[in-house]
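Source file: protein_6.pdb; contents: PDB, C-alpha atoms.
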ATOM      1  CA  ASP A   1       0.000   0.000   0.000
ATOM      2  CA  GLN A   2       1.973   2.951  -1.301
ATOM      3  CA  GLN A   3       0.409   5.996   0.292
ATOM      4  CA  VAL A   4       2.754   8.501  -1.369
ATOM      5  CA  LYS A   5       3.648   8.093  -5.014
ATOM      6  CA  GLN A   6       6.034   9.838  -7.324
ATOM      7  CA  ASN A   7       5.201   8.508 -10.743
ATOM      8  CA  SER A   8       8.158   9.979 -12.598
ATOM      9  CA  PRO A   9      11.361   8.188 -11.623
ATOM     10  CA  SER A  10      13.511  10.677 -13.523
ATOM     11  CA  LEU A  11      13.472  14.125 -15.060
ATOM     12  CA  SER A  12      15.991  15.854 -17.304
ATOM     13  CA  VAL A  13      15.900  19.629 -17.740
ATOM     14  CA  GLN A  14      18.086  22.302 -19.256
ATOM     15  CA  GLU A  15      19.809  24.761 -16.938
ATOM     16  CA  GLY A  16      17.685  27.859 -16.479
ATOM     17  CA  ARG A  17      14.405  26.132 -17.283
ATOM     18  CA  ILE A  18      11.688  25.039 -14.878
ATOM     19  CA  SER A  19      11.719  21.636 -13.173
ATOM     20  CA  ILE A  20       8.308  20.327 -12.126
ATOM     21  CA  LEU A  21       8.149  17.323  -9.829
ATOM     22  CA  ASN A  22       4.841  15.682  -9.010
ATOM     23  CA  CYS A  23       3.588  13.683  -6.053
ATOM     24  CA  ASP A  24       0.254  12.001  -5.297
ATOM     25  CA  TYR A  25      -1.020  10.694  -1.976
ATOM     26  CA  THR A  26      -3.931   8.540  -0.948
ATOM     27  CA  ASN A  27      -4.219   9.013   2.820
ATOM     28  CA  SER A  28      -6.684  11.838   3.523
ATOM     29  CA  MET A  29      -5.301  12.135   7.067
ATOM     30  CA  PHE A  30      -2.044  13.583   5.756
ATOM     31  CA  ASP A  31      -1.929  17.268   6.595
ATOM     32  CA  TYR A  32       1.706  18.224   6.219
ATOM     33  CA  PHE A  33       3.869  17.701   3.178
ATOM     34  CA  LEU A  34       7.584  18.054   2.658
ATOM     35  CA  TRP A  35      10.150  17.780  -0.093
ATOM     36  CA  TYR A  36      13.597  16.409   0.589
ATOM     37  CA  LYS A  37      16.640  16.433  -1.636
ATOM     38  CA  LYS A  38      19.253  13.691  -1.580
ATOM     39  CA  TYR A  39      22.731  13.625  -3.057
ATOM     40  CA  PRO A  40      24.569  10.297  -3.450
ATOM     41  CA  ALA A  41      26.145   8.986  -0.230
ATOM     42  CA  GLU A  42      24.364  11.626   1.844
ATOM     43  CA  GLY A  43      21.196  11.613   3.916
ATOM     44  CA  PRO A  44      18.061  13.411   2.717
ATOM     45  CA  THR A  45      18.010  17.131   3.466
ATOM     46  CA  PHE A  46      14.879  19.165   3.960
ATOM     47  CA  LEU A  47      13.975  21.516   1.130
ATOM     48  CA  ILE A  48      10.501  22.975   1.602
ATOM     49  CA  SER A  49       7.192  22.095   3.218
ATOM     50  CA  ILE A  50       3.519  23.004   3.096
ATOM     51  CA  SER A  51       0.662  22.634   5.518
ATOM     52  CA  SER A  52      -2.733  21.480   4.313
ATOM     53  CA  ILE A  53      -4.225  24.858   5.238
ATOM     54  CA  LYS A  54      -2.235  26.422   2.403
ATOM     55  CA  ASP A  55      -2.125  25.771  -1.307
ATOM     56  CA  LYS A  56       1.230  27.337  -2.063
ATOM     57  CA  ASN A  57       4.525  27.942  -0.331
ATOM     58  CA  GLU A  58       7.565  29.658  -1.811
ATOM     59  CA  ASP A  59      11.181  29.711  -0.758
ATOM     60  CA  GLY A  60      13.508  31.334  -3.244
ATOM     61  CA  ARG A  61      13.658  29.254  -6.400
ATOM     62  CA  PHE A  62      11.452  26.546  -4.874
ATOM     63  CA  THR A  63       7.652  26.589  -4.798
ATOM     64  CA  VAL A  64       5.395  23.827  -3.597
ATOM     65  CA  PHE A  65       1.757  23.670  -4.672
ATOM     66  CA  LEU A  66      -0.881  21.586  -2.923
ATOM     67  CA  ASN A  67      -4.195  20.498  -4.428
ATOM     68  CA  LYS A  68      -6.017  18.785  -1.583
ATOM     69  CA  SER A  69      -9.074  17.776  -3.575
ATOM     70  CA  ALA A  70      -6.843  15.950  -6.043
ATOM     71  CA  LYS A  71      -4.468  14.737  -3.313
ATOM     72  CA  HIS A  72      -1.641  16.063  -5.411
ATOM     73  CA  LEU A  73       1.351  18.256  -4.798
ATOM     74  CA  SER A  74       4.103  19.542  -6.992
ATOM     75  CA  LEU A  75       7.498  21.146  -6.577
ATOM     76  CA  HIS A  76       8.617  23.814  -9.018
ATOM     77  CA  ILE A  77      12.261  24.783  -9.287
ATOM     78  CA  VAL A  78      12.861  27.975 -11.253
ATOM     79  CA  PRO A  79      15.407  28.495 -12.635
ATOM     80  CA  SER A  80      16.984  25.041 -12.470
ATOM     81  CA  GLN A  81      20.709  24.931 -11.772
ATOM     82  CA  PRO A  82      23.234  22.091 -12.244
ATOM     83  CA  GLY A  83      23.610  21.887  -8.456
ATOM     84  CA  ASP A  84      19.936  20.926  -8.269
ATOM     85  CA  SER A  85      20.790  17.546  -9.817
ATOM     86  CA  ALA A  86      19.776  15.090  -7.100
ATOM     87  CA  VAL A  87      16.998  12.727  -6.077
ATOM     88  CA  TYR A  88      13.917  14.493  -4.709
ATOM     89  CA  PHE A  89      11.559  12.790  -2.289
ATOM     90  CA  CYS A  90       8.043  13.861  -1.489
ATOM     91  CA  ALA A  91       6.958  13.049   2.081
ATOM     92  CA  ALA A  92       3.755  13.386   4.071
ATOM     93  CA  SER A  93       2.710  13.195   7.684
ATOM     94  CA  ASP A  94      -0.412  13.165   9.818
ATOM     95  CA  HIS A  95       0.129  15.706  12.575
ATOM     96  CA  GLY A  96      -2.728  14.226  14.536
ATOM     97  CA  ALA A  97      -1.000  10.871  14.808
ATOM     98  CA  ALA A  98       1.642  10.230  17.405
ATOM     99  CA  GLY A  99       5.227  10.605  16.320
ATOM    100  CA  ASN A 100       4.872  12.762  13.201
ATOM    101  CA  LYS A 101       6.553  10.063  11.188
ATOM    102  CA  LEU A 102       7.012  10.763   7.506
ATOM    103  CA  THR A 103       5.809   8.557   4.674
ATOM    104  CA  PHE A 104       7.974   8.947   1.585
ATOM    105  CA  GLY A 105       7.439   8.542  -2.119
ATOM    106  CA  GLY A 106       9.875   6.590  -4.252
ATOM    107  CA  GLY A 107      11.783   9.648  -5.434
ATOM    108  CA  THR A 108      12.428  11.461  -8.703
ATOM    109  CA  ARG A 109      15.961  11.764 -10.013
ATOM    110  CA  VAL A 110      16.540  15.198 -11.513
ATOM    111  CA  LEU A 111      19.359  15.919 -13.930
ATOM    112  CA  VAL A 112      19.967  19.554 -14.816
ATOM    113  CA  LYS A 113      22.064  19.860 -17.955
ATOM    114  CA  PRO A 114      24.377  22.871 -18.302
TER     115      PRO A 114
ATOM    116  CA  ASP B   1      29.222  19.405  13.574
ATOM    117  CA  THR B   2      25.908  19.336  15.420
ATOM    118  CA  GLY B   3      23.939  17.257  12.913
ATOM    119  CA  VAL B   4      22.776  13.657  13.175
ATOM    120  CA  SER B   5      25.717  11.281  13.003
ATOM    121  CA  GLN B   6      25.678   7.581  12.185
ATOM    122  CA  ASP B   7      28.310   4.909  12.574
ATOM    123  CA  PRO B   8      29.575   2.968  10.741
ATOM    124  CA  ARG B   9      28.930   4.524   7.348
ATOM    125  CA  HIS B  10      29.479   1.234   5.590
ATOM    126  CA  LYS B  11      29.271  -2.343   6.814
ATOM    127  CA  ILE B  12      29.879  -5.491   4.805
ATOM    128  CA  THR B  13      28.979  -8.721   6.527
ATOM    129  CA  LYS B  14      28.312 -12.337   5.772
ATOM    130  CA  ARG B  15      24.840 -13.785   5.937
ATOM    131  CA  GLY B  16      24.017 -14.986   9.409
ATOM    132  CA  GLN B  17      26.206 -12.468  11.230
ATOM    133  CA  ASN B  18      24.889  -9.815  13.600
ATOM    134  CA  VAL B  19      25.420  -6.119  12.946
ATOM    135  CA  THR B  20      24.819  -3.025  15.025
ATOM    136  CA  PHE B  21      24.432   0.571  13.899
ATOM    137  CA  ARG B  22      24.672   3.620  16.113
ATOM    138  CA  CYS B  23      22.934   6.966  15.754
ATOM    139  CA  ASP B  24      23.677  10.156  17.656
ATOM    140  CA  PRO B  25      20.819  12.630  17.153
ATOM    141  CA  ILE B  26      20.947  16.402  17.386
ATOM    142  CA  SER B  27      21.448  16.982  21.095
ATOM    143  CA  GLU B  28      18.227  18.825  21.959
ATOM    144  CA  HIS B  29      16.005  16.522  19.891
ATOM    145  CA  ASN B  30      13.926  14.075  21.899
ATOM    146  CA  ARG B  31      12.475  12.131  18.965
ATOM    147  CA  LEU B  32      14.605   9.667  17.049
ATOM    148  CA  TYR B  33      13.585   7.665  13.982
ATOM    149  CA  TRP B  34      15.033   4.775  12.030
ATOM    150  CA  TYR B  35      14.287   4.360   8.334
ATOM    151  CA  ARG B  36      15.474   1.892   5.734
ATOM    152  CA  GLN B  37      16.083   2.748   2.103
ATOM    153  CA  THR B  38      16.643   0.215  -0.646
ATOM    154  CA  LEU B  39      17.866   0.985  -4.143
ATOM    155  CA  GLY B  40      15.386   3.007  -6.166
ATOM    156  CA  GLN B  41      12.955   3.370  -3.265
ATOM    157  CA  GLY B  42      12.158   6.090  -0.798
ATOM    158  CA  PRO B  43      12.970   5.746   2.897
ATOM    159  CA  GLU B  44      10.622   3.384   4.760
ATOM    160  CA  PHE B  45       9.774   3.927   8.410
ATOM    161  CA  LEU B  46      11.048   1.285  10.829
ATOM    162  CA  THR B  47      10.611   2.669  14.341
ATOM    163  CA  TYR B  48      10.719   5.795  16.483
ATOM    164  CA  PHE B  49      11.558   6.816  20.030
ATOM    165  CA  GLN B  50      10.277   9.601  22.212
ATOM    166  CA  ASN B  51      13.170  10.024  24.633
ATOM    167  CA  GLU B  52      13.985   6.454  25.701
ATOM    168  CA  ALA B  53      10.546   4.994  24.937
ATOM    169  CA  GLN B  54      10.090   3.107  21.690
ATOM    170  CA  LEU B  55       6.581   4.174  20.716
ATOM    171  CA  GLU B  56       6.006   2.632  17.323
ATOM    172  CA  LYS B  57       7.437  -0.199  15.267
ATOM    173  CA  SER B  58       6.683  -0.911  11.628
ATOM    174  CA  ARG B  59       5.754  -4.405  10.557
ATOM    175  CA  LEU B  60       8.942  -4.178   8.466
ATOM    176  CA  LEU B  61      10.836  -4.560  11.738
ATOM    177  CA  SER B  62      11.043  -8.327  12.030
ATOM    178  CA  ASP B  63      12.018 -10.162  15.210
ATOM    179  CA  ARG B  64      15.628 -10.108  14.053
ATOM    180  CA  PHE B  65      15.688  -6.329  14.384
ATOM    181  CA  SER B  66      15.940  -4.559  17.706
ATOM    182  CA  ALA B  67      16.398  -0.891  18.453
ATOM    183  CA  GLU B  68      17.230   0.776  21.728
ATOM    184  CA  ARG B  69      17.705   4.268  23.058
ATOM    185  CA  PRO B  70      18.678   3.537  26.642
ATOM    186  CA  LYS B  71      19.262   7.028  27.992
ATOM    187  CA  GLY B  72      17.205   8.994  25.534
ATOM    188  CA  SER B  73      20.291  10.155  23.680
ATOM    189  CA  PHE B  74      22.027   7.876  21.165
ATOM    190  CA  SER B  75      20.281   4.861  19.662
ATOM    191  CA  THR B  76      21.402   1.504  18.347
ATOM    192  CA  LEU B  77      19.799  -0.688  15.708
ATOM    193  CA  GLU B  78      20.849  -4.328  15.799
ATOM    194  CA  ILE B  79      20.121  -6.871  13.104
ATOM    195  CA  GLN B  80      20.618 -10.480  14.113
ATOM    196  CA  ARG B  81      21.247 -13.344  11.692
ATOM    197  CA  THR B  82      21.484 -11.000   8.735
ATOM    198  CA  GLU B  83      19.959 -12.013   5.412
ATOM    199  CA  GLN B  84      20.758 -10.741   1.933
ATOM    200  CA  GLY B  85      17.418  -8.937   1.905
ATOM    201  CA  ASP B  86      18.646  -6.778   4.786
ATOM    202  CA  SER B  87      21.085  -5.050   2.426
ATOM    203  CA  ALA B  88      20.000  -1.417   2.442
ATOM    204  CA  MET B  89      20.824   2.052   3.676
ATOM    205  CA  TYR B  90      19.736   2.502   7.289
ATOM    206  CA  LEU B  91      18.893   6.117   7.982
ATOM    207  CA  CYS B  92      18.510   7.750  11.352
ATOM    208  CA  ALA B  93      16.637  11.011  11.850
ATOM    209  CA  SER B  94      15.747  13.200  14.787
ATOM    210  CA  SER B  95      13.273  15.951  15.539
ATOM    211  CA  PRO B  96      12.531  18.298  18.436
ATOM    212  CA  GLY B  97       9.336  16.489  19.403
ATOM    213  CA  LEU B  98       6.670  18.779  20.784
ATOM    214  CA  LEU B  99       8.174  21.797  19.052
ATOM    215  CA  ASN B 100       8.337  19.802  15.860
ATOM    216  CA  THR B 101       7.627  21.712  12.668
ATOM    217  CA  GLY B 102       7.245  18.396  10.894
ATOM    218  CA  GLU B 103      10.767  18.305   9.550
ATOM    219  CA  LEU B 104      13.030  15.377  10.318
ATOM    220  CA  PHE B 105      16.786  15.868  10.300
ATOM    221  CA  PHE B 106      18.558  12.922   8.726
ATOM    222  CA  GLY B 107      22.018  11.531   9.180
ATOM    223  CA  GLU B 108      24.126  10.350   6.283
ATOM    224  CA  GLY B 109      23.082   6.757   6.758
ATOM    225  CA  SER B 110      24.745   3.412   7.367
ATOM    226  CA  ARG B 111      24.980   1.241   4.272
ATOM    227  CA  LEU B 112      24.727  -2.489   4.937
ATOM    228  CA  THR B 113      25.822  -5.100   2.415
ATOM    229  CA  VAL B 114      25.087  -8.726   3.296
ATOM    230  CA  LEU B 115      27.057 -11.224   1.228
TER     231      LEU B 115
END
Would you encode the structure as structure tokens?
Amino acid sequence: DQQVKQNSPSLSVQEGRISILNCDYTNSMFDYFLWYKKYPAEGPTFLISISSIKDKNEDGRFTVFLNKSAKHLSLHIVPSQPGDSAVYFCAASDHGAAGNKLTFGGGTRVLVKP
Amino acid sequence: DTGVSQDPRHKITKRGQNVTFRCDPISEHNRLYWYRQTLGQGPEFLTYFQNEAQLEKSRLLSDRFSAERPKGSFSTLEIQRTEQGDSAMYLCASSPGLLNTGELFFGEGSRLTVL
């Protein structure tokens, strides 16, 4: 039962263009969503998050959009830079449940070409 | 460095051997999590601690796995009688608990290879 899904395993984009990463979830109890970035041989690092009371959150070049009715969120990176090449994980949590554990998607590998 | 640290970073073992991983969380964080990540997959939740109490265990955590956090600081994850299917990256994360914004802070992971 995969509660968080990232249907695109990889994405290739030209430097300076927009990268759009998508994520779908099935558990309606999820109310907090995060994106993590992971370089090889390193642990995931937090990128940006959004609460279910919002539909958009921006942080510099990164914007996350949430469509609760569709149970869908997306991460936009504009403009994409070669240093953005990494694996991106979407994650979700239910703040009402004990522990605030995160449920992760399978990841999308992004390659930004110079 | 005040981040989450894990040791060892890499472990190669033979099937049937026991292995132990250690995690030192960020010092003021009272929640500690263990995740497992296999190739091409996202991290999967194994267990978490609130201080020294282990409050939840995933069904992925078979009887061969045991985790402890005896003094509410560092944690260990032991795998007994390792199997080839245990080969994975074992990730530790911590969070502040009640003041949690939802973000987990991850260590760099301990990669296990079972031959």
Q: Enumerate as a PyMOL selection string the residues belonging to chain B that approach chain A to within 6 Å, with only C-alpha atoms taken into account.
A: chain B and resi 41-42+106-109
Would you mind listing what lies within 8 Å of Ile79 (chain B) as a compact mmCIF listing (two decimals) with C-alpha atoms, keeping the file's coordinate frame, with only C-alpha atoms counted and same-chain residues fewer than 2 positions away left out?
# COMPACT_ATOMS: atom_id res chain seq x y z
CA ASN B 18 24.89 -9.82 13.60
CA VAL B 19 25.42 -6.12 12.95
CA THR B 20 24.82 -3.02 15.02
CA ARG B 64 15.63 -10.11 14.05
CA PHE B 65 15.69 -6.33 14.38
CA SER B 66 15.94 -4.56 17.71
CA LEU B 77 19.80 -0.69 15.71
CA ARG B 81 21.25 -13.34 11.69
CA THR B 82 21.48 -11.00 8.74
**Q.** Residues returned when the PyMOL selection byres ((chain B and resi 75) around 12) runs on this file, as JSON, numbers by chain
**A.** {"B": [4, 5, 6, 7, 20, 21, 22, 23, 24, 25, 26, 30, 31, 32, 33, 34, 47, 48, 49, 50, 51, 52, 53, 54, 66, 67, 68, 69, 70, 71, 72, 73, 74, 76, 77, 78, 91, 92, 93, 94]}
(Q) When you look at Met89 (chain B) with a cut-off of 7 Å (counting all atoms listed in the file), what residues show up, excluding the ones that are within fewer than 3 positions of it in the same chain? I need them as a list in words. (A) Arg36, Gln37, Thr38, Gly109, Ser110, Arg111 and Leu112 of chain B
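Applied to the file shown here, the PyMOL selection byres ((chain A and resi 18) around 8) selects the residues Val13, Gly16, Arg17, Ser19, Ile20, His76, Ile77, Val78, Pro79 and Ser80 of chain A.
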(Q) One number please: CA of Leu55 (chain B) to CA of Leu39 (chain B), in Å, one decimal. (A) 27.5 Å
Q | Target residues per the PyMOL selection byres ((chain A and resi 65) around 9), formatted as a PyMOL selection string | A | chain A and resi 50+54-58+63-64+66-67+72-76
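Non-sequential neighbours of Lys71 (chain A) (distance at most 9 Å, separation of 6 or more positions within a chain, only C-alpha atoms) are Cys23, Asp24, Tyr25, Thr26, Asn27 and Ser28 of chain A.
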Q. Quick one, how far is CA of Pro8 (chain B) from CA of Gly97 (chain B)?
A. 25.8 Å
Edge lengths and centre in Å to one decimal, as lines of an AutoDock Vina configuration file, is what I'm after for the box along x, y and z that holds all listed atoms of region 10-23 of chain B once 6 Å is added on each side.
center_x = 26.4
center_y = -4.0
center_z = 10.5
size_x = 18.9
size_y = 34.0
size_z = 23.3
Q. For Leu61 (chain B), which residue among B:Leu104, B:Ala88, B:Phe45, B:Gly40 is the nearest when counting only C-alpha atoms?
A.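 For Leu61 (chain B), the nearest of the given residues is B:Phe45.
With all atoms listed in the file as the atoms that count, the minimum distance from Thr113 (chain B) to the choices B:His29, B:Gln17, B:Glu44, B:Asp63 is reached by B:Gln17.
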Q) Any idea what the distance is between CA of Leu115 (chain B) and CA of Thr13 (chain B)? A)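 Computing the Euclidean distance for CA of Leu115 (chain B) and CA of Thr13 (chain B) yields 6.2 Å.
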Q: May I ask which of the residues A:Val110, A:Leu11, A:Ala97, A:Ile53 is the closest one to Lys68 (chain A), counting all atoms listed in the file?
A: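 The closest residue to Lys68 (chain A) is A:Ile53.
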Q. Can you list, as a VMD selection string, every protein, DNA or RNA residue that comes within 9 Å of Pro82 (chain A) when you count all atoms listed in the file, leaving out same-chain residues fewer than 2 positions away?
A. chain A and resid 14 to 15 80 84 to 85 111 to 114
